[in-house]
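Colleague: Dropping in input.tsv, which is TSV, C-alpha atoms:
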chain	number	residue	atom	x	y	z
A	480	MET	CA	0.00	0.00	0.00
A	481	LYS	CA	2.75	2.41	0.97
A	482	ARG	CA	4.82	1.47	-2.03
A	483	LYS	CA	1.86	2.11	-4.25
A	484	THR	CA	1.53	5.63	-2.86
A	485	VAL	CA	5.22	6.33	-3.48
A	486	PHE	CA	4.91	5.11	-7.05
A	487	LEU	CA	1.84	7.22	-7.54
A	488	ILE	CA	3.64	10.32	-6.24
A	489	ILE	CA	6.67	9.70	-8.45
A	490	PHE	CA	4.41	9.09	-11.40
A	491	LEU	CA	2.51	12.32	-10.79
A	492	ILE	CA	5.70	14.36	-10.39
A	493	THR	CA	7.12	12.97	-13.63
A	494	LEU	CA	3.86	13.66	-15.40
A	495	PHE	CA	3.79	17.22	-14.08
A	496	ALA	CA	7.40	17.86	-15.08
A	497	ALA	CA	6.79	16.47	-18.54
A	498	ALA	CA	3.70	18.61	-18.89
A	499	ALA	CA	5.62	21.69	-17.78
A	500	VAL	CA	8.39	21.07	-20.30
A	501	TYR	CA	5.84	20.41	-23.03
A	502	VAL	CA	3.88	23.56	-22.23
A	503	TYR	CA	7.05	25.65	-22.13
A	504	PHE	CA	8.38	24.55	-25.50
A	505	GLU	CA	5.13	23.93	-27.32
A	506	TYR	CA	3.25	26.88	-25.97
A	507	TYR	CA	5.20	29.62	-24.25
A	508	ALA	CA	8.52	29.71	-26.08
A	509	LYS	CA	7.23	28.57	-29.44
A	510	GLY	CA	8.33	30.66	-32.39
A	511	ASN	CA	5.98	31.74	-35.10
A	512	ALA	CA	4.64	29.15	-37.49
A	513	ASN	CA	6.57	28.52	-40.68
A	514	ILE	CA	3.97	29.33	-43.31
A	515	GLU	CA	6.03	27.64	-46.03
A	516	ASN	CA	5.36	24.24	-44.44
A	517	GLN	CA	1.72	24.84	-43.71
A	518	LYS	CA	-1.12	23.55	-45.80
A	519	THR	CA	-2.49	26.02	-48.34
A	520	ASP	CA	-6.09	27.00	-47.63
A	521	PHE	CA	-6.85	28.78	-50.90
A	522	LYS	CA	-5.28	28.77	-54.36
A	523	ILE	CA	-6.35	31.82	-56.30
A	524	SER	CA	-5.23	34.15	-59.10
A	525	SER	CA	-4.39	37.76	-58.32
A	526	VAL	CA	-7.18	38.95	-60.63
A	527	ASP	CA	-9.81	36.82	-58.86
A	528	LEU	CA	-8.61	37.81	-55.40
A	529	ILE	CA	-8.77	41.51	-56.22
A	530	SER	CA	-12.23	41.22	-57.79
A	531	GLU	CA	-13.49	39.36	-54.72
A	532	PHE	CA	-12.41	42.31	-52.57
A	533	GLU	CA	-13.91	44.76	-55.03
A	534	LYS	CA	-17.25	42.95	-54.85
A	535	ASN	CA	-17.40	42.70	-51.08
A	536	ASP	CA	-14.31	43.57	-49.09
A	537	THR	CA	-15.78	42.69	-45.68
A	538	SER	CA	-16.81	39.19	-46.63
A	539	ALA	CA	-13.57	38.56	-48.53
A	540	ASN	CA	-11.62	39.73	-45.48
A	541	SER	CA	-13.38	37.33	-43.13
A	542	LYS	CA	-13.06	34.50	-45.65
A	543	TYR	CA	-9.29	34.85	-45.85
A	544	ASN	CA	-8.68	35.88	-42.23
A	545	ASP	CA	-5.56	34.07	-40.92
A	546	LYS	CA	-5.55	31.79	-43.98
A	547	VAL	CA	-2.62	30.60	-46.06
A	548	LEU	CA	-2.99	31.64	-49.70
A	549	GLU	CA	-1.23	30.68	-52.90
A	550	ILE	CA	-1.61	33.56	-55.30
A	551	THR	CA	-0.74	33.25	-58.97
A	552	GLY	CA	-0.23	36.45	-60.90
A	553	LYS	CA	2.06	38.83	-62.67
A	554	VAL	CA	4.71	40.75	-60.78
A	555	ASN	CA	4.12	44.46	-61.15
A	556	LYS	CA	7.23	45.40	-59.21
A	557	THR	CA	9.36	44.35	-56.30
A	558	ILE	CA	10.24	46.67	-53.45
A	559	PRO	CA	13.64	45.49	-52.22
A	560	GLY	CA	14.53	46.20	-48.63
A	561	ASP	CA	17.74	45.62	-46.69
A	562	SER	CA	16.69	42.14	-45.69
A	563	ILE	CA	13.11	41.81	-46.86
A	564	THR	CA	11.65	42.24	-50.32
A	565	SER	CA	7.98	42.83	-51.02
A	566	VAL	CA	6.29	41.74	-54.23
A	567	VAL	CA	3.49	43.87	-55.67
A	568	MET	CA	0.77	42.62	-58.03
A	569	ASP	CA	-1.28	45.31	-59.74
A	570	GLU	CA	-4.06	44.40	-62.15
A	571	GLY	CA	-5.06	47.99	-62.87
A	572	LYS	CA	-7.90	47.88	-60.34
A	573	ASN	CA	-8.51	49.94	-57.21
A	574	LEU	CA	-6.63	47.43	-55.11
A	575	THR	CA	-3.15	45.99	-55.35
A	576	ILE	CA	-1.63	42.95	-53.62
A	577	THR	CA	1.59	43.35	-51.64
A	578	ILE	CA	3.36	40.30	-50.26
A	579	GLU	CA	6.17	40.68	-47.77
A	580	MET	CA	8.53	37.79	-48.49
A	581	TYR	CA	10.44	35.78	-45.93
A	582	ALA	CA	13.87	37.32	-45.27
A	583	ARG	CA	15.47	33.98	-46.13
A	584	HIS	CA	14.04	34.27	-49.64
A	585	ASN	CA	15.29	37.80	-50.10
A	586	ASN	CA	17.69	36.94	-52.91
A	587	LEU	CA	15.09	34.93	-54.83
A	588	ALA	CA	12.49	37.63	-54.38
A	589	LYS	CA	14.87	40.40	-55.44
A	590	ASN	CA	15.47	38.60	-58.73
A	591	LEU	CA	11.80	38.72	-59.70
A	592	LYS	CA	11.17	41.11	-62.55
A	593	ALA	CA	8.14	43.09	-63.61
A	594	GLY	CA	5.99	40.89	-65.85
A	595	ASP	CA	7.18	37.60	-64.36
A	596	ASN	CA	4.45	35.05	-63.71
A	597	VAL	CA	4.73	33.70	-60.19
A	598	THR	CA	2.87	31.71	-57.60
A	599	ILE	CA	3.56	32.96	-54.10
A	600	LYS	CA	2.47	31.33	-50.88
A	601	GLY	CA	1.88	33.58	-47.91
A	602	LEU	CA	-0.21	34.38	-44.88
A	603	TYR	CA	-3.13	36.76	-45.39
A	604	VAL	CA	-2.82	39.70	-43.00
A	605	GLY	CA	-5.58	42.05	-44.03
A	606	TYR	CA	-6.41	44.81	-46.45
A	607	ILE	CA	-6.16	48.55	-46.38
A	608	PHE	CA	-8.81	50.39	-48.35
A	609	ASP	CA	-8.92	53.49	-46.26
A	610	PRO	CA	-10.45	56.84	-47.19
A	611	LEU	CA	-7.51	58.42	-45.36
A	612	LEU	CA	-5.19	57.14	-48.09
A	613	ALA	CA	-7.69	57.39	-50.94
A	614	ASP	CA	-7.64	61.16	-50.30
A	615	PHE	CA	-4.01	61.10	-51.40
A	616	GLY	CA	-4.92	59.15	-54.55
A	617	GLU	CA	-3.60	55.91	-53.11
A	618	LYS	CA	-5.00	52.57	-54.16
A	619	GLY	CA	-6.15	50.00	-51.65
A	620	ASP	CA	-3.82	47.15	-50.78
A	621	ILE	CA	-4.32	43.49	-49.88
A	622	LYS	CA	-1.44	42.47	-47.63
A	623	LEU	CA	0.23	39.12	-47.08
A	624	LYS	CA	3.37	38.27	-45.18
A	625	LYS	CA	5.80	35.37	-44.81
A	626	GLY	CA	5.85	34.89	-48.56
A	627	SER	CA	7.73	32.19	-50.45
A	628	ILE	CA	7.88	31.52	-54.17
A	629	VAL	CA	6.12	28.27	-55.11
A	630	LYS	CA	7.03	28.57	-58.77
B	843	MET	CA	17.03	89.97	-71.69
B	844	LYS	CA	13.39	90.36	-70.86
B	845	MET	CA	12.63	87.07	-72.54
B	846	LYS	CA	15.24	85.34	-70.41
B	847	LYS	CA	13.68	86.76	-67.28
B	848	ILE	CA	10.24	85.54	-68.28
B	849	ILE	CA	11.60	82.09	-69.04
B	850	GLY	CA	13.39	82.13	-65.71
B	851	VAL	CA	10.25	83.04	-63.82
B	852	LEU	CA	8.24	80.44	-65.72
B	853	ALA	CA	10.85	77.80	-64.96
B	854	LEU	CA	10.78	78.74	-61.29
B	855	ILE	CA	7.00	78.49	-61.21
B	856	ALA	CA	7.15	75.13	-62.97
B	857	ILE	CA	9.79	73.79	-60.58
B	858	SER	CA	8.06	75.02	-57.44
B	859	SER	CA	4.61	73.87	-58.52
B	860	THR	CA	5.80	70.36	-59.37
B	861	ALA	CA	7.66	70.25	-56.11
B	862	PHE	CA	4.70	71.43	-54.14
B	863	ALA	CA	2.03	69.40	-55.85
B	864	GLN	CA	4.07	66.34	-55.02
B	865	LYS	CA	2.62	63.44	-53.13
B	866	TYR	CA	4.61	60.64	-51.59
B	867	SER	CA	3.54	57.19	-50.47
B	868	THR	CA	4.64	53.74	-49.35
B	869	LYS	CA	3.08	50.35	-48.72
B	870	ILE	CA	6.01	48.94	-46.78
B	871	GLY	CA	6.72	51.45	-44.05
B	872	SER	CA	7.88	50.30	-40.61
B	873	VAL	CA	6.38	50.74	-37.20
B	874	SER	CA	7.82	48.96	-34.19
B	875	PHE	CA	7.10	49.05	-30.51
B	876	HIS	CA	8.81	48.16	-27.32
B	877	SER	CA	7.32	47.29	-23.97
B	878	ARG	CA	9.60	47.13	-20.97
B	879	ALA	CA	8.25	45.40	-17.89
B	880	THR	CA	9.62	43.48	-14.95
B	881	LEU	CA	8.68	40.07	-16.28
B	882	GLU	CA	9.77	40.49	-19.86
B	883	ASP	CA	10.68	42.88	-22.63
B	884	ILE	CA	8.45	42.66	-25.64
B	885	ASP	CA	9.30	43.88	-29.12
B	886	ALA	CA	7.21	43.80	-32.24
B	887	GLN	CA	7.86	44.90	-35.78
B	888	ASN	CA	5.53	45.80	-38.63
B	889	ASN	CA	6.93	46.35	-42.14
B	890	GLN	CA	3.62	46.65	-43.97
B	891	VAL	CA	2.56	50.16	-43.11
B	892	SER	CA	0.77	52.18	-45.78
B	893	ALA	CA	1.49	55.88	-45.57
B	894	ALA	CA	1.07	59.00	-47.68
B	895	LEU	CA	2.27	62.58	-47.52
B	896	ASN	CA	1.20	65.69	-49.39
B	897	ALA	CA	4.23	67.96	-49.57
B	898	ALA	CA	2.13	70.98	-50.49
B	899	THR	CA	-0.13	70.89	-47.45
B	900	GLY	CA	1.92	68.84	-45.00
B	901	GLU	CA	-0.93	66.38	-44.61
B	902	VAL	CA	0.12	62.87	-43.64
B	903	ALA	CA	-1.73	59.60	-43.14
B	904	PHE	CA	-0.58	56.26	-41.80
B	905	VAL	CA	-2.57	53.03	-41.79
B	906	VAL	CA	-1.24	50.07	-39.83
B	907	LEU	CA	-2.70	46.56	-39.85
B	908	ILE	CA	-2.53	45.14	-36.33
B	909	LYS	CA	-1.98	41.61	-37.62
B	910	SER	CA	1.14	42.71	-39.45
B	911	PHE	CA	3.05	43.01	-36.17
B	912	GLU	CA	5.57	40.21	-35.77
B	913	PHE	CA	6.75	39.01	-32.37
B	914	ASP	CA	9.51	36.55	-31.48
B	915	LYS	CA	7.08	34.22	-29.79
B	916	ALA	CA	3.84	32.95	-31.29
B	917	LEU	CA	2.10	33.21	-27.93
B	918	MET	CA	2.89	36.91	-27.55
B	919	GLN	CA	1.48	37.52	-31.00
B	920	THR	CA	-1.70	35.61	-30.20
B	921	HIS	CA	-2.21	37.50	-26.93
B	922	PHE	CA	-1.49	40.80	-28.61
B	923	ASN	CA	-4.13	40.18	-31.27
B	924	ASP	CA	-6.75	38.37	-29.21
B	925	THR	CA	-6.54	39.80	-25.69
B	926	TYR	CA	-5.14	43.28	-26.04
B	927	MET	CA	-5.83	44.68	-29.51
B	928	GLU	CA	-8.85	42.47	-30.30
B	929	SER	CA	-7.85	42.69	-33.94
B	930	ASP	CA	-10.64	40.44	-35.22
B	931	LYS	CA	-13.27	42.97	-34.18
B	932	THR	CA	-14.52	45.37	-36.84
B	933	GLY	CA	-12.65	48.65	-36.68
B	934	TYR	CA	-10.01	47.20	-34.38
B	935	ASP	CA	-8.00	45.57	-37.16
B	936	LYS	CA	-6.24	48.81	-38.04
B	937	SER	CA	-4.52	51.69	-36.34
B	938	THR	CA	-4.49	54.98	-38.16
B	939	PHE	CA	-2.94	58.37	-37.86
B	940	SER	CA	-3.97	61.33	-39.91
B	941	GLY	CA	-2.63	64.77	-39.31
B	942	THR	CA	-0.62	67.73	-40.49
B	943	ILE	CA	2.99	68.74	-40.23
B	944	THR	CA	2.58	72.02	-38.39
B	945	ASN	CA	5.87	73.50	-39.59
B	946	ASN	CA	5.65	72.10	-43.12
B	947	SER	CA	6.88	75.36	-44.66
B	948	SER	CA	10.29	74.80	-43.09
B	949	VAL	CA	10.74	71.52	-44.97
B	950	LYS	CA	12.39	72.00	-48.34
B	951	TYR	CA	11.22	68.99	-50.30
B	952	VAL	CA	13.53	69.88	-53.18
B	953	VAL	CA	16.68	70.15	-51.07
B	954	ASN	CA	18.27	67.02	-49.63
B	955	GLY	CA	18.58	67.17	-45.89
B	956	SER	CA	17.03	66.35	-42.58
B	957	TYR	CA	14.34	68.56	-41.10
B	958	ASN	CA	12.84	68.53	-37.62
B	959	VAL	CA	9.08	68.55	-37.75
B	960	SER	CA	6.13	68.70	-35.43
B	961	VAL	CA	2.99	66.73	-36.28
B	962	SER	CA	-0.54	67.07	-34.93
B	963	GLY	CA	-3.45	64.86	-35.68
B	964	THR	CA	-5.70	62.00	-34.71
B	965	LEU	CA	-4.24	58.70	-33.60
B	966	LYS	CA	-6.68	55.81	-33.61
B	967	ILE	CA	-5.76	52.63	-31.78
B	968	HIS	CA	-8.09	49.89	-30.57
B	969	GLY	CA	-11.11	51.79	-31.86
B	970	VAL	CA	-10.32	54.86	-29.74
B	971	SER	CA	-9.36	58.16	-31.39
B	972	LYS	CA	-7.22	60.74	-29.64
B	973	GLU	CA	-5.73	64.05	-30.63
B	974	VAL	CA	-1.96	63.90	-30.37
B	975	THR	CA	1.07	66.04	-31.12
B	976	THR	CA	4.52	64.63	-31.56
B	977	SER	CA	7.85	65.49	-33.09
B	978	GLY	CA	9.86	63.70	-35.72
B	979	THR	CA	12.20	64.19	-38.63
B	980	ILE	CA	11.75	64.29	-42.37
B	981	ALA	CA	14.78	63.31	-44.39
B	982	VAL	CA	14.68	64.30	-48.04
B	983	ASN	CA	16.87	62.33	-50.40
B	984	GLY	CA	16.01	62.91	-54.03
B	985	SER	CA	12.54	61.52	-54.66
B	986	THR	CA	12.44	59.71	-51.31
B	987	VAL	CA	11.15	61.26	-48.13
B	988	THR	CA	11.80	59.34	-44.93
B	989	ILE	CA	9.60	60.09	-41.94
B	990	THR	CA	10.86	59.03	-38.53
B	991	SER	CA	9.27	59.58	-35.18
B	992	SER	CA	9.20	58.08	-31.74
B	993	PHE	CA	6.47	58.57	-29.17
B	994	LYS	CA	4.82	56.92	-26.22
B	995	VAL	CA	1.36	55.43	-26.10
B	996	LYS	CA	-0.47	54.89	-22.81
B	997	LEU	CA	-2.58	51.74	-22.88
B	998	ASP	CA	-5.23	53.36	-20.67
B	999	ASP	CA	-5.76	56.17	-23.20
B	1000	TYR	CA	-6.89	53.65	-25.79
B	1001	ALA	CA	-8.90	51.38	-23.48
B	1002	ILE	CA	-6.45	48.53	-23.90
B	1003	LYS	CA	-6.91	46.34	-20.88
B	1004	ASN	CA	-3.86	45.46	-18.91
B	1005	ASP	CA	-4.99	44.09	-15.60
B	1006	LYS	CA	-4.30	40.41	-16.09
B	1007	VAL	CA	-0.60	40.11	-15.43
B	1008	LYS	CA	1.98	42.79	-15.05
B	1009	ASN	CA	4.16	41.66	-17.91
B	1010	ILE	CA	3.25	44.54	-20.18
B	1011	ALA	CA	4.28	48.13	-19.58
B	1012	ASN	CA	1.55	50.73	-19.12
B	1013	GLU	CA	3.32	52.89	-21.62
B	1014	ILE	CA	4.57	51.52	-24.93
B	1015	GLU	CA	7.31	53.13	-26.96
B	1016	VAL	CA	6.40	53.34	-30.63
B	1017	LYS	CA	8.90	54.01	-33.41
B	1018	VAL	CA	7.96	55.01	-36.93
B	1019	ASN	CA	10.30	54.76	-39.90
B	1020	CYS	CA	8.67	55.11	-43.30
B	1021	ALA	CA	10.44	55.82	-46.58
B	1022	LEU	CA	7.93	57.35	-48.98
B	1023	SER	CA	8.50	57.66	-52.72
B	1024	LYS	CA	6.99	60.11	-55.15
B	1025	ILE	CA	3.64	58.93	-56.49
So, in terms of structure tokens, how does the structure I just supplied come out?
Modeller:
Amino acid sequence: MKRKTVFLIIFLITLFAAAAVYVYFEYYAKGNANIENQKTDFKISSVDLISEFEKNDTSANSKYNDKVLEITGKVNKTIPGDSITSVVMDEGKNLTITIEMYARHNNLAKNLKAGDNVTIKGLYVGYIFDPLLADFGEKGDIKLKKGSIVK
Amino acid sequence: MKMKKIIGVLALIAISSTAFAQKYSTKIGSVSFHSRATLEDIDAQNNQVSAALNAATGEVAFVVLIKSFEFDKALMQTHFNDTYMESDKTGYDKSTFSGTITNNSSVKYVVNGSYNVSVSGTLKIHGVSKEVTTSGTIAVNGSTVTITSSFKVKLDDYAIKNDKVKNIANEIEVKVNCALSKI
């Protein structure tokens, strides 16, 4: 009986310690998800994505909220930064798409040229279609981050 | 002689009007913040800021998506979005600033250099709008205008709750660094 209690206590302590370690690494100290390895939720062309937002921006926003997208379209331009490059797709509508690429793909992203056809995977962040910026003649922008080139 | 003068004046008008009608913008400006508290220091970075500036009037606008902020730890990012900023709620997904550079006339947008500026306007965070005034610099380099500023934001002012645990400072230091190009 006594031995059983001791075993039970040891068992519980081990379980607790294991749980604590698990929680620390899996929960507290966990880095951000690698979008590149995550399953794609939607595959869509840049033209279709933009027209969905033009039809109903609110519903499109909630549809893509926190989702991983693979967007196929033409590069309008790249905006190279020190360590991060952003890729812009512009289909001549009131909205553009800007994807902030992963820093580790900076060299690949920098090499993209205007007119290139690409498929880019990234995490949908949101869209800016604000009258504050429209007053300056600025187009709206659909924003993604953690981008990687699929092909 | 007279002709030359006229041409000169016309050229001046042309130069000044193009310079003054100029608008600048970016889609990839940076805003970062730092929270210093006893339990931990928290830093977050956002490189997806949309901003615009009208050099003629000194009007500026910044729009920041809350979900664009990147933290080192996934948990911090989740708490930031879900608990503090409530970024899934309508109107809470963005922070905006729109205002005017009060000493815009002292900025020479055609001359490279760094100018100290003062900005007044409305800062909207977490659905709450407040009138603010802050200082910053405008650095002109050819067709690029870089706006930098650093200011403090009190969580209480924007109804951001912070009563759970004391691991977040009551005052957050925000840094803005946006390079705008001519539209």
Colleague: Report, in Å with one decimal, the straight-line distance from CA of Thr557 in chain A to CA of Asn896 in chain B.
Modeller: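 Computed distance, CA of Thr557 in chain A to CA of Asn896 in chain B, equals 23.9 Å.
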Colleague: Using only C-alpha atoms, I'd like a table of the residues in range 859-906 of chain B that come within 6 Å of range 937-947 of chain B; for each, show the closest atom pair and its distance in Å rounded to one decimal, ordered by chain and ascending number, as a tab-separated table.
Modeller:
residue	atom	partner	partner_atom	distance
B:Gly900	CA	B:Ile943	CA	4.9
B:Glu901	CA	B:Thr942	CA	4.3
B:Val902	CA	B:Gly941	CA	5.5
B:Ala903	CA	B:Ser940	CA	4.3
B:Phe904	CA	B:Phe939	CA	5.1
B:Val905	CA	B:Thr938	CA	4.5
B:Val906	CA	B:Ser937	CA	5.1
Colleague: Within 8 Å of chain B, which residues of chain A are there when counting all atoms listed in the file? Please give them as a list in words.
Modeller: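 Putting it all together, I get Tyr506, Tyr507, Ala508, Lys509, Gly510, Asn511, Ala512, Ser565, Thr577, Glu579, Val604, Gly605, Tyr606, Ile607, Asp609, Leu611, Leu612, Phe615, Glu617, Asp620, Lys622 and Lys624 of chain A.
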Colleague: Quick one: residues within 12 Å of range 953-958 of chain B, all atoms listed in the file, excluding same-chain residues fewer than 6 positions away - as a PDB file with C-alpha atoms, in the coordinates of the input?
Modeller:
ATOM      1  CA  SER B 858       8.060  75.020 -57.440  1.00  0.00           C
ATOM      2  CA  ALA B 861       7.660  70.250 -56.110  1.00  0.00           C
ATOM      3  CA  ILE B 943       2.990  68.740 -40.230  1.00  0.00           C
ATOM      4  CA  THR B 944       2.580  72.020 -38.390  1.00  0.00           C
ATOM      5  CA  ASN B 945       5.870  73.500 -39.590  1.00  0.00           C
ATOM      6  CA  ASN B 946       5.650  72.100 -43.120  1.00  0.00           C
ATOM      7  CA  SER B 947       6.880  75.360 -44.660  1.00  0.00           C
ATOM      8  CA  THR B 976       4.520  64.630 -31.560  1.00  0.00           C
ATOM      9  CA  SER B 977       7.850  65.490 -33.090  1.00  0.00           C
ATOM     10  CA  GLY B 978       9.860  63.700 -35.720  1.00  0.00           C
ATOM     11  CA  THR B 979      12.200  64.190 -38.630  1.00  0.00           C
ATOM     12  CA  ILE B 980      11.750  64.290 -42.370  1.00  0.00           C
ATOM     13  CA  ALA B 981      14.780  63.310 -44.390  1.00  0.00           C
ATOM     14  CA  VAL B 982      14.680  64.300 -48.040  1.00  0.00           C
ATOM     15  CA  ASN B 983      16.870  62.330 -50.400  1.00  0.00           C
ATOM     16  CA  GLY B 984      16.010  62.910 -54.030  1.00  0.00           C
ATOM     17  CA  SER B 985      12.540  61.520 -54.660  1.00  0.00           C
ATOM     18  CA  THR B 986      12.440  59.710 -51.310  1.00  0.00           C
ATOM     19  CA  VAL B 987      11.150  61.260 -48.130  1.00  0.00           C
ATOM     20  CA  THR B 988      11.800  59.340 -44.930  1.00  0.00           C
ATOM     21  CA  ILE B 989       9.600  60.090 -41.940  1.00  0.00           C
ATOM     22  CA  THR B 990      10.860  59.030 -38.530  1.00  0.00           C
ATOM     23  CA  SER B 991       9.270  59.580 -35.180  1.00  0.00           C
TER      24      SER B 991
END
Colleague: Would you kindly return, as a PyMOL selection string, each protein, DNA or RNA residue with an atom no farther than 7 Å from any atom of Ile599 in chain A, considering all atoms listed in the file and excluding same-chain residues fewer than 4 positions away?
Modeller: chain A and resi 549-551+626-629
Colleague: Which residue gives the smallest distance to Leu881 in chain B among B:Ile1010, B:Leu1022, B:Ile967, B:Val1016, with all atoms listed in the file counted?
Modeller: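 Closest residue, counting all atoms listed in the file: B:Ile1010.
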Colleague: Would you compute the distance between CA of Val949 in chain B and CA of Thr899 in chain B? Give it in Å to one decimal.
Modeller: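 About the pair CA of Val949 in chain B and CA of Thr899 in chain B: they are 11.2 Å apart.
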Colleague: One number please: CA of Lys592 in chain A to CA of Ile621 in chain A, in Å, one decimal.
Modeller: 20.2 Å
Colleague: If you count all atoms listed in the file, which residues fall within 12 Å of Ala1001 in chain B, apart from same-chain ones fewer than 5 positions away, as a PyMOL selection string?
Modeller: chain B and resi 926-928+934+966-972+995-996+1012
Colleague: Out of B:Leu965, B:Ala886, B:Ala898, B:Val952, which residue has the shortest atom-to-atom distance to Ser874 in chain B when counting all atoms listed in the file?
Modeller: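 Of all the options, B:Ala886 lies closest to Ser874 in chain B.
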Colleague: Contacts of Val567 in chain A at 7 Å or less, counting only C-alpha atoms, minus same-chain residues fewer than 3 places along, as a short mmCIF file (atom, residue, chain, number, x, y, z; two decimals) with C-alpha atoms, keeping the file's coordinate frame?
Modeller:
data_model
loop_
_atom_site.label_atom_id
_atom_site.label_comp_id
_atom_site.auth_asym_id
_atom_site.auth_seq_id
_atom_site.Cartn_x
_atom_site.Cartn_y
_atom_site.Cartn_z
CA VAL A 554 4.71 40.75 -60.78
CA ASN A 555 4.12 44.46 -61.15
CA LYS A 556 7.23 45.40 -59.21
CA THR A 557 9.36 44.35 -56.30
CA THR A 575 -3.15 45.99 -55.35
CA ILE A 576 -1.63 42.95 -53.62
CA THR A 577 1.59 43.35 -51.64
CA ILE A 578 3.36 40.30 -50.26
#
Colleague: Hey, which of A:Lys618, A:Gly594, A:Lys534, A:His584 ends up closest to Lys553 in chain A? Count all atoms listed in the file.
Modeller: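 That would be A:Gly594, the residue with the smallest distance to Lys553 in chain A.
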Colleague: Taking the point (-5.9, 37.3, -60.3) as given in the file, collect each protein or nucleic acid residue that comes within 12 Å of it, counting all atoms listed in the file, and present the set as a list in words.
Modeller: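 Residues satisfying the cut-off, written out: Lys522, Ile523, Ser524, Ser525, Val526, Asp527, Leu528, Ile529, Ser530, Glu531, Phe532, Glu549, Ile550, Thr551, Gly552, Lys553, Val554, Met568, Asp569, Glu570, Gly571, Lys572, Leu574, Thr575, Ile576, Asn596, Val597 and Thr598 of chain A.
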